[in-house]
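Coordinates from work_17.txt are shown below (compact mmCIF, C-alpha atoms).
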# COMPACT_ATOMS: atom_id res chain seq x y z
CA MET A 1 126.27 26.26 147.01
CA ASP A 2 125.75 23.24 144.77
CA VAL A 3 127.25 23.15 141.29
CA ILE A 4 126.91 20.35 138.73
CA ILE A 5 129.81 20.07 136.32
CA ARG A 6 129.44 17.86 133.23
CA LYS A 7 131.96 16.44 130.76
CA ILE A 8 134.99 16.50 133.05
CA ASP A 9 137.97 14.59 131.71
CA GLN A 10 137.75 11.19 133.42
CA ARG A 11 141.46 10.77 134.04
CA LEU A 12 141.72 14.27 135.48
CA HIS A 13 138.72 13.56 137.72
CA ARG A 14 140.32 10.32 139.00
CA ARG A 15 143.58 12.14 139.62
CA LEU A 16 141.78 14.88 141.58
CA LYS A 17 139.92 12.26 143.66
CA ALA A 18 143.14 10.42 144.44
CA GLU A 19 144.95 13.65 145.35
CA ALA A 20 142.04 14.75 147.57
CA ALA A 21 142.06 11.37 149.34
CA ILE A 22 145.80 11.58 149.98
CA ARG A 23 145.35 15.03 151.51
CA GLY A 24 142.26 13.97 153.49
CA MET A 25 140.02 16.47 151.71
CA THR A 26 136.58 16.19 150.16
CA LEU A 27 136.39 16.46 146.37
CA SER A 28 134.62 19.82 146.53
CA ARG A 29 137.26 21.20 148.90
CA ALA A 30 140.05 20.01 146.57
CA LEU A 31 138.31 21.59 143.59
CA GLU A 32 137.94 24.86 145.50
CA GLU A 33 141.64 24.86 146.30
CA ALA A 34 142.55 24.15 142.66
CA ILE A 35 140.35 27.07 141.53
CA ARG A 36 141.88 29.34 144.16
CA MET A 37 145.40 28.48 142.97
CA TRP A 38 144.42 29.12 139.36
CA VAL A 39 142.89 32.53 140.20
CA ARG A 40 145.92 33.47 142.30
CA THR A 41 148.27 32.53 139.44
CA GLU A 42 146.23 34.65 137.03
CA ASP A 43 146.32 37.59 139.47
CA GLN A 44 150.08 37.33 139.78
CA ALA A 45 150.45 37.11 136.01
CA GLN A 46 149.10 40.65 135.50
CA PRO A 47 152.04 42.58 136.93
CA ARG A 48 154.44 40.14 135.24
CA ASP A 49 153.08 41.31 131.88
CA GLU A 50 154.01 44.88 132.78
CA SER A 51 157.42 43.73 134.04
CA ASP A 52 157.96 41.81 130.81
CA SER A 53 157.14 44.79 128.63
CA ASN A 54 159.38 47.05 130.72
CA ASN A 55 162.21 44.52 130.46
CA ARG A 56 161.76 44.29 126.68
CA ALA A 57 161.86 48.08 126.36
CA TYR A 58 164.97 48.19 128.57
CA GLU A 59 166.73 45.51 126.51
CA ARG A 60 165.98 47.41 123.29
CA MET A 61 167.54 50.60 124.64
CA LYS A 62 170.36 49.09 126.69
CA ASN A 63 173.25 50.19 124.46
CA GLU A 64 171.90 53.70 124.13
CA LEU A 65 171.35 53.94 127.89
CA GLY A 66 174.99 53.01 128.49
CA ARG A 67 176.15 55.80 126.19
CA ARG A 68 173.79 58.58 127.24
CA TYR A 69 172.79 57.98 130.85
CA LYS A 70 175.86 56.63 132.64
CA ASP A 71 175.44 56.78 136.46
CA LYS A 72 171.85 58.06 136.18
CA PHE A 73 168.69 56.19 137.16
CA VAL A 74 166.65 55.26 134.10
CA VAL A 75 162.94 54.53 134.50
CA PHE A 76 160.60 52.48 132.35
CA ALA A 77 156.85 51.97 132.83
CA GLY A 78 154.04 50.74 130.63
CA GLY A 79 156.66 49.32 128.26
CA ARG A 80 158.23 52.71 127.49
CA PHE A 81 161.19 54.80 128.61
CA LEU A 82 160.04 57.60 130.93
CA GLY A 83 163.36 59.34 131.39
CA SER A 84 166.36 59.57 133.68
CA ALA A 85 166.95 60.91 137.18
CA GLU A 86 169.91 61.74 139.38
CA SER A 87 168.74 59.72 142.41
CA LEU A 88 166.36 56.94 143.41
CA HIS A 89 164.15 59.55 145.07
CA GLU A 90 163.89 61.54 141.82
CA ALA A 91 163.33 58.34 139.85
CA GLY A 92 160.36 57.61 142.12
CA ASN A 93 159.00 61.11 141.50
CA LEU A 94 159.38 60.60 137.76
CA ALA A 95 157.39 57.36 137.91
CA ARG A 96 154.71 59.03 140.07
CA ARG A 97 154.31 61.96 137.65
CA ASN A 98 153.66 59.38 134.92
CA ASN A 99 151.06 57.56 137.05
CA ALA A 100 153.17 54.39 137.03
CA ARG A 101 152.07 51.66 139.45
CA LYS A 102 154.97 49.43 138.49
CA ALA A 103 158.26 50.56 136.99
CA LEU A 104 161.65 49.25 136.02
CA ALA A 105 164.49 51.32 137.44
CA LYS A 106 168.24 50.96 137.23
CA ARG A 107 171.30 53.09 137.80
CA VAL A 108 173.13 52.74 134.49
CA GLY A 109 176.54 51.20 134.91
CA GLU A 110 175.86 49.81 138.39
CA ILE A 111 176.53 46.10 138.62
CA ASN A 112 173.89 44.37 140.70
CA ARG A 113 174.12 40.91 139.24
CA ALA A 114 175.84 39.29 142.18
CA GLY A 115 173.75 36.91 144.17
CA GLY A 116 175.91 34.75 146.33
CA GLU A 117 175.89 31.94 148.75
CA TRP A 118 172.79 31.13 150.79
CA PHE A 119 173.80 28.81 153.57
CA TRP A 120 171.35 26.37 155.03
CA SER A 121 169.60 28.62 157.48
CA SER A 122 166.49 30.61 156.76
CA LEU A 123 165.28 29.08 153.57
CA GLU A 124 161.52 28.78 153.43
CA LEU A 125 159.83 28.46 150.07
CA MET B 1 198.11 49.77 167.22
CA VAL B 2 195.25 52.13 166.33
CA LEU B 3 192.47 52.32 168.86
CA GLU B 4 189.04 53.26 167.57
CA LEU B 5 186.14 54.04 169.88
CA PHE B 6 182.50 53.51 169.00
CA GLY B 7 179.32 54.71 170.66
CA THR B 8 175.90 53.14 170.28
CA ILE B 9 173.34 54.97 168.16
CA ASP B 10 170.52 52.52 168.55
CA CYS B 11 169.94 49.07 170.09
CA GLN B 12 167.38 46.39 169.37
CA LYS B 13 166.55 43.53 171.72
CA TYR B 14 167.10 40.02 170.39
CA LEU B 15 163.96 38.41 168.94
CA GLY B 16 161.97 35.23 169.13
CA PRO B 17 162.18 32.07 171.21
CA GLU B 18 165.40 30.60 172.63
CA PRO B 19 167.99 30.73 171.25
CA ARG B 20 166.99 34.32 170.52
CA MET B 21 168.29 36.04 167.40
CA PRO B 22 169.62 39.51 166.67
CA GLY B 23 167.50 41.77 164.49
CA LEU B 24 167.35 45.25 163.02
CA GLU B 25 164.50 47.75 163.18
CA VAL B 26 163.92 48.60 159.53
CA GLU B 27 161.71 51.14 157.79
CA VAL B 28 161.35 50.69 154.04
CA ARG B 29 160.14 53.57 151.87
CA GLU B 30 158.78 52.75 148.45
CA PRO B 31 160.03 55.52 146.11
CA VAL B 32 156.94 56.08 143.91
CA SER B 33 154.10 56.61 146.39
CA GLY B 34 156.30 57.23 149.43
CA ARG B 35 154.51 54.38 151.26
CA ARG B 36 156.42 53.24 154.33
CA ARG B 37 156.46 49.94 156.19
CA SER B 38 158.35 49.20 159.41
CA PHE B 39 159.34 45.83 160.79
CA ILE B 40 162.07 44.00 162.66
CA ALA B 41 164.32 42.01 160.33
CA PRO B 42 166.29 39.11 161.84
CA ILE B 43 169.95 39.20 160.85
CA ASP B 44 170.95 36.26 158.68
CA THR B 45 174.69 36.07 158.05
CA GLY B 46 174.02 32.97 155.93
CA PHE B 47 172.08 34.95 153.34
CA GLY B 48 174.33 36.79 150.89
CA GLY B 49 171.63 39.22 149.70
CA TYR B 50 169.93 42.46 150.75
CA LEU B 51 166.61 42.67 152.61
CA LEU B 52 164.49 39.61 151.93
CA VAL B 53 160.72 40.16 152.28
CA PRO B 54 157.63 38.00 151.75
CA LYS B 55 155.94 38.17 148.38
CA LEU B 56 152.99 40.29 149.55
CA LEU B 57 155.23 42.90 151.12
CA TYR B 58 157.33 42.94 147.96
CA ALA B 59 154.19 43.52 145.88
CA GLU B 60 153.49 46.55 148.07
CA LEU B 61 157.00 48.02 148.22
CA GLY B 62 158.76 46.69 145.12
CA THR B 63 157.40 49.22 142.65
CA MET B 64 160.82 50.17 141.26
CA GLU B 65 162.01 46.77 140.15
CA LEU B 66 165.41 46.15 138.59
CA PRO B 67 165.77 44.55 135.16
CA GLU B 68 165.65 40.76 135.28
CA GLU B 69 169.35 40.59 134.40
CA ASP B 70 170.02 42.19 137.80
CA PHE B 71 167.99 39.70 139.84
CA GLY B 72 170.18 37.83 142.31
CA SER B 73 170.93 34.15 141.85
CA TYR B 74 171.78 32.45 145.14
CA SER B 75 173.32 29.03 145.44
CA THR B 76 171.78 26.80 148.09
CA MET B 77 172.11 23.16 149.03
CA THR B 78 169.06 22.44 146.89
CA GLY B 79 170.27 24.38 143.84
CA PRO B 80 170.16 28.00 142.71
CA ILE B 81 167.32 30.31 143.74
CA ILE B 82 166.55 33.49 141.85
CA LEU B 83 165.24 36.47 143.79
CA ARG B 84 163.45 39.44 142.24
CA ARG B 85 165.01 42.71 143.33
CA ALA B 86 163.57 46.22 143.68
CA ALA B 87 165.15 49.54 144.67
CA VAL B 88 163.91 51.12 147.92
CA GLU B 89 165.02 53.61 150.53
CA ILE B 90 165.80 51.94 153.84
CA GLU B 91 166.23 53.44 157.28
CA ILE B 92 167.78 51.18 159.88
CA GLY B 93 167.12 52.04 163.50
CA LYS B 94 167.85 55.67 164.22
CA GLY B 95 171.24 55.36 162.64
CA ARG B 96 171.37 54.89 158.94
CA LYS B 97 169.51 55.75 155.74
CA LEU B 98 170.54 54.06 152.53
CA ASP B 99 169.34 53.39 149.02
CA SER B 100 169.23 49.62 148.84
CA PHE B 101 167.15 46.69 147.65
CA ILE B 102 164.40 44.37 148.78
CA GLU B 103 164.26 40.85 147.36
CA THR B 104 161.72 38.06 147.19
CA PRO B 105 161.76 34.56 145.65
CA MET B 106 160.34 34.07 142.14
CA GLN B 107 158.61 30.97 143.57
CA GLY B 108 157.32 30.63 147.13
CA ASN B 109 156.60 33.23 149.77
CA GLY B 110 159.91 34.23 151.33
CA LYS B 111 160.26 35.80 154.76
CA ILE B 112 161.81 38.85 156.40
CA LEU B 113 165.61 38.70 156.75
CA ALA B 114 168.48 41.16 156.64
CA GLY B 115 171.26 39.63 154.55
CA ARG B 116 174.99 40.24 154.41
CA ARG B 117 174.76 43.07 151.86
CA ILE B 118 172.72 45.07 154.38
CA ILE B 119 174.82 44.07 157.37
CA SER B 120 178.05 45.06 155.60
CA GLU B 121 176.76 48.65 155.32
CA LEU B 122 176.52 48.95 159.11
CA GLU B 123 178.77 49.06 162.15
CA LEU B 124 177.10 46.47 164.38
CA ALA B 125 177.79 44.94 167.75
CA LEU B 126 176.08 41.80 168.99
CA LEU B 127 175.97 41.98 172.78
CA GLY B 128 175.04 38.40 173.54
CA GLY B 129 175.11 38.85 177.32
CA LYS B 130 172.64 41.72 177.15
CA MET B 131 170.71 40.16 174.24
CA MET B 132 171.08 43.41 172.30
CA CYS B 133 172.03 44.19 168.71
CA CYS B 134 173.45 47.73 168.57
CA GLN B 135 174.35 50.08 165.76
CA LEU B 136 177.58 51.90 166.40
CA LYS B 137 179.22 55.11 165.31
CA ALA B 138 182.92 55.92 165.52
CA ILE B 139 183.35 58.70 168.06
CA GLN B 140 187.09 59.08 168.37
CA LYS B 141 190.28 57.90 166.71
Can you turn what I pasted into structure tokens?
Amino acid sequence: MDVIIRKIDQRLHRRLKAEAAIRGMTLSRALEEAIRMWVRTEDQAQPRDESDSNNRAYERMKNELGRRYKDKFVVFAGGRFLGSAESLHEAGNLARRNNARKALAKRVGEINRAGGEWFWSSLEL
Amino acid sequence: MVLELFGTIDCQKYLGPEPRMPGLEVEVREPVSGRRRSFIAPIDTGFGGYLLVPKLLYAELGTMELPEEDFGSYSTMTGPIILRRAAVEIEIGKGRKLDSFIETPMQGNGKILAGRRIISELELALLGGKMMCCQLKAIQK
């Protein structure tokens, strides 16, 4: 379909034209791709918001969790503490009973921080 | 000298084009909905992490995500890379069930790989002549 867009920032327009030329694309194709990237970024931002609120809730309770729930799985969803469970399986059930689509879960006291070395092999970003 | 004997539980043919690579048949169960996905994960002894998966697969299976402080930071030739990490139940071949983790890059798409933290949970034999990767079990001491 045809769309007319007015009052585009001139420098941004020039930059888009130059970028499209470098990539061998038409201006409309480049604009489509830019819109697609923007939409995709927005889509990905939704679950991050939930992750952020779960992480904030976890940070607030971290000391208490260490005292009261050592070696248990603790579960957070929707920015609140749902409870604790003895196993990952039970933690999953707890999240399901609370209709959580996304949850934060951790076995209290377990150290998972380690990353490590990633040799030059299968890296594809 | 102590002699230990192992029998094979399960074998997987090497994957891909020449030179072919060893892989593991993996089934991942997401703990909230019980959704399962199966795939063959190439073994990557260069990757010090768990089970790396592409972003879309992580979105499907990574419902029980760890706190950000527990995300893995991996050093590479191009600098550190942080991977998100989520708890899942994993079954490898017919041999082994374990509570473990899937990981995916914060930026970029990632791919399917079994890293050293998965491999170190298993007794594995790479039979290069037969092009087979086999899971073993001790049968006699």
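Across the structure, CA of Gly78 (chain A) and CA of Lys102 (chain A) are spaced 8.0 Å apart.
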Identify all chain B residues at most 8 Å from chain A by counting only C-alpha atoms; ligands do not count. Present them as a VMD selection string. chain B and resid 31 to 33 44 46 to 49 63 to 77 87 to 89 99 105 107 to 111
Give me the residues within 12 Å of region 3-11 of chain A as a VMD selection string, counting only C-alpha atoms and dropping any in the same chain fewer than 3 places off. chain A and resid 14 to 18 28 31 to 32
Written selection (C-alpha atoms) as a PDB file, keeping the file's coordinate frame:
ATOM      1  CA  ARG A  14     140.320  10.320 139.000  1.00  0.00           C
ATOM      2  CA  ARG A  15     143.580  12.140 139.620  1.00  0.00           C
ATOM      3  CA  LEU A  16     141.780  14.880 141.580  1.00  0.00           C
ATOM      4  CA  LYS A  17     139.920  12.260 143.660  1.00  0.00           C
ATOM      5  CA  ALA A  18     143.140  10.420 144.440  1.00  0.00           C
ATOM      6  CA  SER A  28     134.620  19.820 146.530  1.00  0.00           C
ATOM      7  CA  LEU A  31     138.310  21.590 143.590  1.00  0.00           C
ATOM      8  CA  GLU A  32     137.940  24.860 145.500  1.00  0.00           C
TER       9      GLU A  32
END
Among A:Arg29, A:Phe81, A:Asp49, A:Met37, Lys62 (chain A) is approached most closely, using all atoms listed in the file, by A:Phe81
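With CA of Leu82 (chain A) on one side and CA of Asn98 (chain A) on the other, the separation reads 7.7 Å.
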CA of Gly34 (chain B) and CA of Leu61 (chain B) are how many Å apart? 9.3 Å
Just checking: using all atoms listed in the file, which residue out of A:Gly109, A:Ala34, A:Arg23, A:Val39 ends up closest to Arg68 (chain A)? A:Gly109
I'd like the contact shell of Tyr69 (chain A) - 9 Å cut-off, all atoms listed in the file, skipping same-chain residues fewer than 4 positions apart - returned as a PyMOL selection string. chain A and resi 64-65+73-74+84+107-109
Write the residues of the selection above to a file with C-alpha atoms, as a PDB file, in the frame of the given file.
ATOM      1  CA  GLU A  64     171.900  53.700 124.130  1.00  0.00           C
ATOM      2  CA  LEU A  65     171.350  53.940 127.890  1.00  0.00           C
ATOM      3  CA  PHE A  73     168.690  56.190 137.160  1.00  0.00           C
ATOM      4  CA  VAL A  74     166.650  55.260 134.100  1.00  0.00           C
ATOM      5  CA  SER A  84     166.360  59.570 133.680  1.00  0.00           C
ATOM      6  CA  ARG A 107     171.300  53.090 137.800  1.00  0.00           C
ATOM      7  CA  VAL A 108     173.130  52.740 134.490  1.00  0.00           C
ATOM      8  CA  GLY A 109     176.540  51.200 134.910  1.00  0.00           C
TER       9      GLY A 109
END
Can you give me N, CA and C atoms for region 59-83 of chain B, written as a PDB file, in the coordinates of the input?
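Below you can see selection_16.pdb, which holds the result:
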ATOM      1  N   ALA B  59     155.174  42.977 146.830  1.00  0.00           N
ATOM      2  CA  ALA B  59     154.190  43.520 145.880  1.00  0.00           C
ATOM      3  C   ALA B  59     153.829  44.958 146.271  1.00  0.00           C
ATOM      4  N   GLU B  60     153.846  45.229 147.573  1.00  0.00           N
ATOM      5  CA  GLU B  60     153.490  46.550 148.070  1.00  0.00           C
ATOM      6  C   GLU B  60     154.645  47.552 147.895  1.00  0.00           C
ATOM      7  N   LEU B  61     155.859  47.089 148.151  1.00  0.00           N
ATOM      8  CA  LEU B  61     157.000  48.020 148.220  1.00  0.00           C
ATOM      9  C   LEU B  61     157.923  47.949 146.999  1.00  0.00           C
ATOM     10  N   GLY B  62     157.795  46.901 146.214  1.00  0.00           N
ATOM     11  CA  GLY B  62     158.760  46.690 145.120  1.00  0.00           C
ATOM     12  C   GLY B  62     158.324  47.301 143.809  1.00  0.00           C
ATOM     13  N   THR B  63     157.904  48.551 143.856  1.00  0.00           N
ATOM     14  CA  THR B  63     157.400  49.220 142.650  1.00  0.00           C
ATOM     15  C   THR B  63     158.508  49.495 141.644  1.00  0.00           C
ATOM     16  N   MET B  64     159.703  49.824 142.153  1.00  0.00           N
ATOM     17  CA  MET B  64     160.820  50.170 141.260  1.00  0.00           C
ATOM     18  C   MET B  64     161.714  48.946 141.110  1.00  0.00           C
ATOM     19  N   GLU B  65     161.290  48.037 140.269  1.00  0.00           N
ATOM     20  CA  GLU B  65     162.010  46.770 140.150  1.00  0.00           C
ATOM     21  C   GLU B  65     163.186  46.890 139.180  1.00  0.00           C
ATOM     22  N   LEU B  66     164.246  46.156 139.474  1.00  0.00           N
ATOM     23  CA  LEU B  66     165.410  46.150 138.590  1.00  0.00           C
ATOM     24  C   LEU B  66     165.130  45.281 137.366  1.00  0.00           C
ATOM     25  N   PRO B  67     165.919  45.465 136.297  1.00  0.00           N
ATOM     26  CA  PRO B  67     165.770  44.550 135.160  1.00  0.00           C
ATOM     27  C   PRO B  67     166.058  43.112 135.595  1.00  0.00           C
ATOM     28  N   GLU B  68     165.475  42.172 134.877  1.00  0.00           N
ATOM     29  CA  GLU B  68     165.650  40.760 135.280  1.00  0.00           C
ATOM     30  C   GLU B  68     167.105  40.338 135.288  1.00  0.00           C
ATOM     31  N   GLU B  69     167.926  40.966 134.440  1.00  0.00           N
ATOM     32  CA  GLU B  69     169.350  40.590 134.400  1.00  0.00           C
ATOM     33  C   GLU B  69     170.052  40.941 135.719  1.00  0.00           C
ATOM     34  N   ASP B  70     169.435  41.798 136.513  1.00  0.00           N
ATOM     35  CA  ASP B  70     170.020  42.190 137.800  1.00  0.00           C
ATOM     36  C   ASP B  70     169.399  41.464 138.984  1.00  0.00           C
ATOM     37  N   PHE B  71     168.519  40.508 138.737  1.00  0.00           N
ATOM     38  CA  PHE B  71     167.990  39.700 139.840  1.00  0.00           C
ATOM     39  C   PHE B  71     169.123  38.839 140.394  1.00  0.00           C
ATOM     40  N   GLY B  72     169.104  38.617 141.692  1.00  0.00           N
ATOM     41  CA  GLY B  72     170.180  37.830 142.310  1.00  0.00           C
ATOM     42  C   GLY B  72     169.939  36.333 142.179  1.00  0.00           C
ATOM     43  N   SER B  73     171.003  35.611 141.869  1.00  0.00           N
ATOM     44  CA  SER B  73     170.930  34.150 141.850  1.00  0.00           C
ATOM     45  C   SER B  73     171.749  33.621 143.019  1.00  0.00           C
ATOM     46  N   TYR B  74     171.122  32.898 143.907  1.00  0.00           N
ATOM     47  CA  TYR B  74     171.780  32.450 145.140  1.00  0.00           C
ATOM     48  C   TYR B  74     171.943  30.934 145.116  1.00  0.00           C
ATOM     49  N   SER B  75     173.132  30.481 145.425  1.00  0.00           N
ATOM     50  CA  SER B  75     173.320  29.030 145.440  1.00  0.00           C
ATOM     51  C   SER B  75     172.996  28.486 146.820  1.00  0.00           C
ATOM     52  N   THR B  76     172.185  27.450 146.839  1.00  0.00           N
ATOM     53  CA  THR B  76     171.780  26.800 148.090  1.00  0.00           C
ATOM     54  C   THR B  76     172.086  25.312 147.966  1.00  0.00           C
ATOM     55  N   MET B  77     171.873  24.617 149.057  1.00  0.00           N
ATOM     56  CA  MET B  77     172.110  23.160 149.030  1.00  0.00           C
ATOM     57  C   MET B  77     171.177  22.461 148.058  1.00  0.00           C
ATOM     58  N   THR B  78     170.025  23.083 147.778  1.00  0.00           N
ATOM     59  CA  THR B  78     169.060  22.440 146.890  1.00  0.00           C
ATOM     60  C   THR B  78     169.094  23.027 145.479  1.00  0.00           C
ATOM     61  N   GLY B  79     170.137  23.789 145.173  1.00  0.00           N
ATOM     62  CA  GLY B  79     170.270  24.380 143.840  1.00  0.00           C
ATOM     63  C   GLY B  79     170.059  25.884 143.879  1.00  0.00           C
ATOM     64  N   PRO B  80     170.242  26.540 142.715  1.00  0.00           N
ATOM     65  CA  PRO B  80     170.160  28.000 142.710  1.00  0.00           C
ATOM     66  C   PRO B  80     168.732  28.511 142.888  1.00  0.00           C
ATOM     67  N   ILE B  81     168.622  29.653 143.560  1.00  0.00           N
ATOM     68  CA  ILE B  81     167.320  30.310 143.740  1.00  0.00           C
ATOM     69  C   ILE B  81     167.456  31.735 143.233  1.00  0.00           C
ATOM     70  N   ILE B  82     166.516  32.134 142.393  1.00  0.00           N
ATOM     71  CA  ILE B  82     166.550  33.490 141.850  1.00  0.00           C
ATOM     72  C   ILE B  82     165.596  34.367 142.662  1.00  0.00           C
ATOM     73  N   LEU B  83     166.077  35.527 143.051  1.00  0.00           N
ATOM     74  CA  LEU B  83     165.240  36.470 143.790  1.00  0.00           C
ATOM     75  C   LEU B  83     165.011  37.718 142.945  1.00  0.00           C
TER      76      LEU B  83
END
